[in-house]
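Trainee: Pasting a structure here, questions to come.
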Amino acid sequence: MVRRLIAVALLLATTAVADEARTARLEKLCRVWTVAKYTHPAMLERDVDWDAALLRAIPRVREATTPAEVTAAIDDMLKAFGDPATRVIARRDAAKSVELLRQDGDVVILNAGPYLDANGASSLWPRRREMIEAIGKAGALVVDLTVTSGDEDAAEEIVEILPDLPLSTEALPAPSSWTTFQSGYAPQEGTTSGGYYSALLLLPAPPIAAAKSAPKRIAFITDGATPLPPVAVALWQAGKAAIVSSGAVSDAAGVRWVPLGDGSRAAIRNSEYASGGITADVVSVTPLDDALKLVRGMTPFATHVAASRATPSARAIVDAKYPELTAPDLPHRLLAAFRIWGVINYFYPYKPLIGDWDAVLREFIPRFEAAEGADAYETAIMEMTAHIDDGHTTPVPPSGVPKTLGPAILPFAVRRVEGEPVVVEKYVESAPVALGDVIVSVDGELLDARVRRLRKYLTASTDTARLARVTNAALRGPEKSVAEVGIRDASGAMRTVSVTRVTFPLPVPKTHEPYRLLDGNIGYADLRLLKTPQVDAMFDALMKTKAIIFDMRGYPNGTAWAIAPRINTRHAAVGAVFRRVEITGGPSQSDLGSAYSFEQPLPKTDKPIYAGRVVVLIDDRAISQAEHTCLFFEQAAGAKFVGTPTAGANGDVTSFVLPGGYLVYFTGHDVRHADGRQLQRVGIQPDVRVEPTIAGVRAGKDEVLDRAIAYVNGQ
């Protein structure tokens with residue numbers, strides 16, 4: 001028996017190790033596929049069936065038993081680009097000690113690439129003056145550009161330092177290059193106000209300055225994998241240098257290198273010279289010997305007229321939805337996981353707030369592998385996206401509502417009041433509940449247990465907002481289903497009522513006009529009801545009040561842009577600060593990319609300015625545009641906020657698609673207070689904190705509004 005238990009334990013341990021190794025292999029594949037998708041120019045220039053290349057590679061990588069099999073599968077995937085610069089490069093050990101400058105008779109040899117391999121990035125800069133002096137006296141020069149370490153900073157250092165060296169006695173133009181440019185993530189479906197776009201960006205290179213003295217003959221050594229720097233291309237085109245390579249030379253101006261873990265790396269083109277036709281003068285197995293022969297020779301180097309290339313036209317990447325795959329096979333399930341990880345990794349502006357997003361990928365690769373069937377696939381999508389912790393993050397299946405939750409709701413609204421799920425509004429009067437009733441159970445299951453069970457499927461930016469979202473989701477069910485709802489009423493008695501679920505759209509009860517005059521010369525405007533054409537009439541009616549209380553406990557109708565200029569007593573120019581991620585091709589780009597930031601101006605008006613106080617009612621139902629409205633009012637009028645914090649999710653929503661026809665929404669912009677304070681996951685914080693009570697709900701009181709009135713009156 002003991003032996004059998006030991007054997008089982010060993011088998012389980014071996015299986016676990018094998019599973020971890022497979023996940024690690026697939027993680028590498030995901031990284032290569034994602035980098036290429038968002039940085040290779042071909043993705044914006046022409047049709048590349050990049051999904052198909054991945055789908056072919058997934059089974060091979062899963063079943064690989066050696067590193068060589070993994071790299072072969074990835075290399076074959078990269079061949080979909082038909083690009084010699086985009087490939088897997090096998091491990092090559094760098095020399096432990098390399099002499100940077102060496103004299104070989106009358107020739108100076110500059111081992112720039114090998115020296116960086118041996119000493120690391122930034123090792124050339126301290127020796128800049130030494131290089132300038134040696135090269136300035138040289139009659140001929142050989143420059144070894146080959147970087148085998150896969151260190152992108154080292155490759156970039158060569159590009160940056162070459163223009164400082166005396167390589168030509170006459171000024172020369174340097175070739176420009178096309179590179180990919182992703183400014184935020186353009187929605188895969190629908191439109192957005194975010195202004196996100198993809199483009200090919202033409203980058204000019206600074207001209208080569210004339211030096212007082214320079215070598216008369218220069219040869220550059222490359223391995224074909226390391227892109228040629230602009231200076232080398234310019235000198236070659238001008239007939240002042242030769243190129244000697246151990247492999248085919250491409251017109252790639254830059255590559256991203258993705259480590260594959262065994263010393264090999266994937267090289268992925270992310271920029272290309274606008275003038276093509278770059279070739280090696282000599283392809284050699286002994287490049288140094290041939291380079292020395294060339295620079296010692298007497299035959300003039302040939303000039304190379306830049307090839308005429310058509311200006312490329314960029315187009316957005318459009319992902320296939322595969323709507324017919326309601327229960328995708330394993331490769332398509334992993335495609336979905338890779339898309340989720342890749343889009344958020346590169347374009348989610350609040351990625352640092354997520355935590356370890358790489359760990360999420362590692363966790364969900366095996367989860368998606370095992371998610372056979374439509375239901376399991378849907379829950380895998382929901383659980384993975386729930387790790388984003390953003391109230392805008394919503395995976396939407398073709399049916400509109402995840403089957404996990406159900407399409408129908410109960411005909412009343414429930415909110416957490418004093419920690420209890422309480423009925424706060426009835427959509428239909430015949431609903432067999434009363435305001436203030438506490439929901440204890442649904443369909444025989446305790447509501448709190450149901451909430452705990454569903455929490456992993458839904459996300460939000462704060463714990464309060466997430467609890468509210470999950471609580472309402474826990475009441476959902478099949479269309480026209482009858483829910484058995486356990487209730488504790490005002491007397492404390494427990495009872496069960498049968499309630500038929502209903503589907504959207506439901507009529508929103510209109511209990512009052514969008515604006516009115518309250519006692520004590522205080523104005524009230526419900527921004528959940530007020531429409532933009534009504535704004536001027538609202539101000540006409542309330543202009544002489546001592547304060548206006550704006551009710552922002554829900555979603556507005558785009559009125560902030562009309563109201564803010566009418567209350568701008570502070571003459572504020574800026575309403576909020578925006579930032580979105582930008583991914584630009586280039587050898588030094590990190591996975592975080594760069595960012596584009598801008599200040600959003602407040603609209604102006606020539607209409608009368610309201611001079612009274614501005615108070616805003618808030619709670620976690622205020623999300624996105626509602627929170628943006630608060631930012632505008634804060635800047636324009638120094639608004640005071642009464643209630644509880646808002647949902648903490650703001651920024652123009654964008655979307656991506658997944659196999660099976662799923663559409664996933666997420667936040668595209670990092671939006672902050674005008675002074676730079678964080679809003680995401682924080683929300684608008686109340687100046688006066690007040691929460692409803694169960695007794696108040698049962699009595700029909702609006703305790704938050706009552707407290708705001710008291711605040712205006714100095715109480």
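So you can find residues: chains in the structure tokens are A, B, ... in the order shown, residues in each start at 1, and ligands are numbered from 1 in order.
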Near A:Ala408, counting only C-alpha atoms, which residues have an atom at most 12 Å away, once you skip same-chain residues fewer than 6 positions from it, shown as JSON, numbers by chain?

Mentor: {"A": [400, 401, 402, 472, 473, 474, 475, 476, 477, 478, 479, 480, 481, 482, 483, 499, 500, 501, 502, 503, 504, 505, 506]}

Trainee: Please produce a file of the residues just selected, as a PDB file, in the first residue's frame, where the atoms kept are C-alpha atoms.

Mentor:
ATOM      1  CA  GLY A 400     -25.646  39.500 -25.009  1.00  0.00           C
ATOM      2  CA  VAL A 401     -25.504  38.049 -21.488  1.00  0.00           C
ATOM      3  CA  PRO A 402     -23.221  35.262 -20.233  1.00  0.00           C
ATOM      4  CA  ASN A 472     -27.325  42.086  -8.648  1.00  0.00           C
ATOM      5  CA  ALA A 473     -25.878  39.377 -10.885  1.00  0.00           C
ATOM      6  CA  ALA A 474     -26.757  36.816  -8.224  1.00  0.00           C
ATOM      7  CA  LEU A 475     -30.441  37.638  -8.732  1.00  0.00           C
ATOM      8  CA  ARG A 476     -30.379  36.844 -12.446  1.00  0.00           C
ATOM      9  CA  GLY A 477     -31.653  33.712 -14.125  1.00  0.00           C
ATOM     10  CA  PRO A 478     -33.256  32.262 -17.257  1.00  0.00           C
ATOM     11  CA  GLU A 479     -35.793  34.288 -19.192  1.00  0.00           C
ATOM     12  CA  LYS A 480     -39.322  34.176 -17.651  1.00  0.00           C
ATOM     13  CA  SER A 481     -38.066  31.933 -14.863  1.00  0.00           C
ATOM     14  CA  VAL A 482     -39.778  32.168 -11.499  1.00  0.00           C
ATOM     15  CA  ALA A 483     -37.391  32.923  -8.669  1.00  0.00           C
ATOM     16  CA  VAL A 499     -41.123  36.482  -8.537  1.00  0.00           C
ATOM     17  CA  THR A 500     -41.058  36.151 -12.328  1.00  0.00           C
ATOM     18  CA  ARG A 501     -37.837  37.400 -13.845  1.00  0.00           C
ATOM     19  CA  VAL A 502     -38.021  39.914 -16.682  1.00  0.00           C
ATOM     20  CA  THR A 503     -35.688  40.956 -19.483  1.00  0.00           C
ATOM     21  CA  PHE A 504     -34.417  44.350 -20.541  1.00  0.00           C
ATOM     22  CA  PRO A 505     -35.365  46.969 -21.419  1.00  0.00           C
ATOM     23  CA  LEU A 506     -37.340  47.846 -18.323  1.00  0.00           C
TER      24      LEU A 506
END

Trainee: Where does stretch 315-395 of chain A meet stretch 194-216 of chain A within 9 Å, residue by residue, with the nearest atom pair and distance in Å to one decimal for each, counting only C-alpha atoms, listed by chain and rising number, as a tab-separated table?

Mentor:
residue	atom	partner	partner_atom	distance
A:Arg315	CA	A:Ser198	CA	7.1
A:Ala316	CA	A:Ser198	CA	5.7
A:Ile317	CA	A:Ser198	CA	8.0

Trainee: What does the structure give for the distance between atom CA of A:Gly575 and atom CA of A:Asn557, in Å to one decimal?

Mentor: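 So the two atoms, atom CA of A:Gly575 and atom CA of A:Asn557, lie 17.8 Å apart.
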
Trainee: Mind checking which residues fall within 7 Å of A:Ala266, counting only C-alpha atoms, ignoring those fewer than 3 positions away in the same chain, and posting them as a ChimeraX atom specification?

Mentor: /A:87-89,257-260

Trainee: Smallest atom-to-atom distance to A:Phe598: which of A:Phe181, A:Phe578, A:Phe364, A:Tyr427, using only C-alpha atoms?

Mentor: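 Ranked by minimum distance to A:Phe598, first place goes to A:Phe578.
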
Trainee: Any idea what's packed within 7 Å of A:Tyr665, counting only C-alpha atoms, ignoring anything in its chain fewer than 5 positions away? Could you give it as a VMD selection string?

Mentor: chain A and resid 392 to 395 653 to 656

Trainee: How far is it from atom CA of A:Gly643 to atom CA of A:Asp687, in Å with one decimal?

Mentor: 8.2 Å

Trainee: Excluding same-chain residues fewer than 4 positions from stretch 268-276 of chain A, what lies within 8 Å of it counting only C-alpha atoms, as a PDB file with C-alpha atoms, in the first residue's frame?

Mentor:
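Once written, part_11.pdb looks like this:
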ATOM      1  CA  VAL A  35       5.124  41.106 -30.013  1.00  0.00           C
ATOM      2  CA  ALA A  36       5.001  40.351 -33.726  1.00  0.00           C
ATOM      3  CA  THR A  39       5.173  45.640 -33.870  1.00  0.00           C
ATOM      4  CA  HIS A  40       5.835  43.975 -37.238  1.00  0.00           C
ATOM      5  CA  PRO A  41       5.057  46.466 -40.059  1.00  0.00           C
ATOM      6  CA  ALA A  85      14.842  39.399 -40.579  1.00  0.00           C
ATOM      7  CA  THR A  86      12.032  37.768 -38.583  1.00  0.00           C
ATOM      8  CA  ARG A  87      13.238  34.407 -37.388  1.00  0.00           C
ATOM      9  CA  PRO A 175      17.943  56.867 -44.529  1.00  0.00           C
ATOM     10  CA  SER A 176      14.548  57.257 -42.914  1.00  0.00           C
ATOM     11  CA  SER A 177      12.562  54.260 -41.748  1.00  0.00           C
ATOM     12  CA  TRP A 178       8.972  53.132 -41.405  1.00  0.00           C
ATOM     13  CA  THR A 179       7.892  51.815 -38.042  1.00  0.00           C
ATOM     14  CA  THR A 180       4.656  50.674 -36.502  1.00  0.00           C
ATOM     15  CA  LEU A 202       8.065  57.585 -41.046  1.00  0.00           C
ATOM     16  CA  ASP A 251      16.177  46.160 -45.117  1.00  0.00           C
ATOM     17  CA  ALA A 252      15.063  45.856 -41.485  1.00  0.00           C
ATOM     18  CA  ALA A 253      15.958  48.987 -39.547  1.00  0.00           C
ATOM     19  CA  GLY A 254      15.190  47.432 -36.186  1.00  0.00           C
ATOM     20  CA  VAL A 255      14.054  44.210 -34.553  1.00  0.00           C
ATOM     21  CA  ARG A 256      12.560  43.208 -31.245  1.00  0.00           C
ATOM     22  CA  TRP A 257      14.318  40.302 -29.633  1.00  0.00           C
ATOM     23  CA  VAL A 258      12.227  37.935 -27.532  1.00  0.00           C
ATOM     24  CA  ALA A 306      18.250  54.070 -52.860  1.00  0.00           C
ATOM     25  CA  ALA A 307      15.576  51.838 -54.315  1.00  0.00           C
ATOM     26  CA  SER A 308      12.288  53.509 -55.089  1.00  0.00           C
ATOM     27  CA  ARG A 309       9.565  52.071 -52.854  1.00  0.00           C
ATOM     28  CA  GLY A 585       8.343  50.006 -33.224  1.00  0.00           C
ATOM     29  CA  GLY A 586      11.994  50.355 -32.335  1.00  0.00           C
ATOM     30  CA  PRO A 587      14.705  48.201 -30.832  1.00  0.00           C
TER      31      PRO A 587
END

Trainee: Of the candidates A:Ala112, A:Leu446, A:Ala241, A:Ala560, which one gets nearest to A:Pro300 if we count only C-alpha atoms?

Mentor: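 That would be A:Ala241, the residue with the smallest distance to A:Pro300.
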
Trainee: For A:Trp50, find every residue with an atom within 8 Å (counting only C-alpha atoms), except residues of its own chain fewer than 3 positions away, and show them as a ChimeraX atom specification.

Mentor: /A:37,53-54,80

Trainee: Next, the residues of the selection above should be written as a CSV table (one decimal), in the first residue's frame with C-alpha atoms.

Mentor:
chain,number,residue,atom,x,y,z
A,37,LYS,CA,1.3,41.2,-33.9
A,53,ALA,CA,0.3,30.7,-38.0
A,54,LEU,CA,-0.4,30.5,-34.3
A,80,ALA,CA,4.3,33.5,-42.2

Trainee: List the neighbours of A:Lys351 out to 12 Å using only C-alpha atoms; skip same-chain residues closer than 3 positions along the sequence, and give me the result as a count of residues only.

Mentor: 28
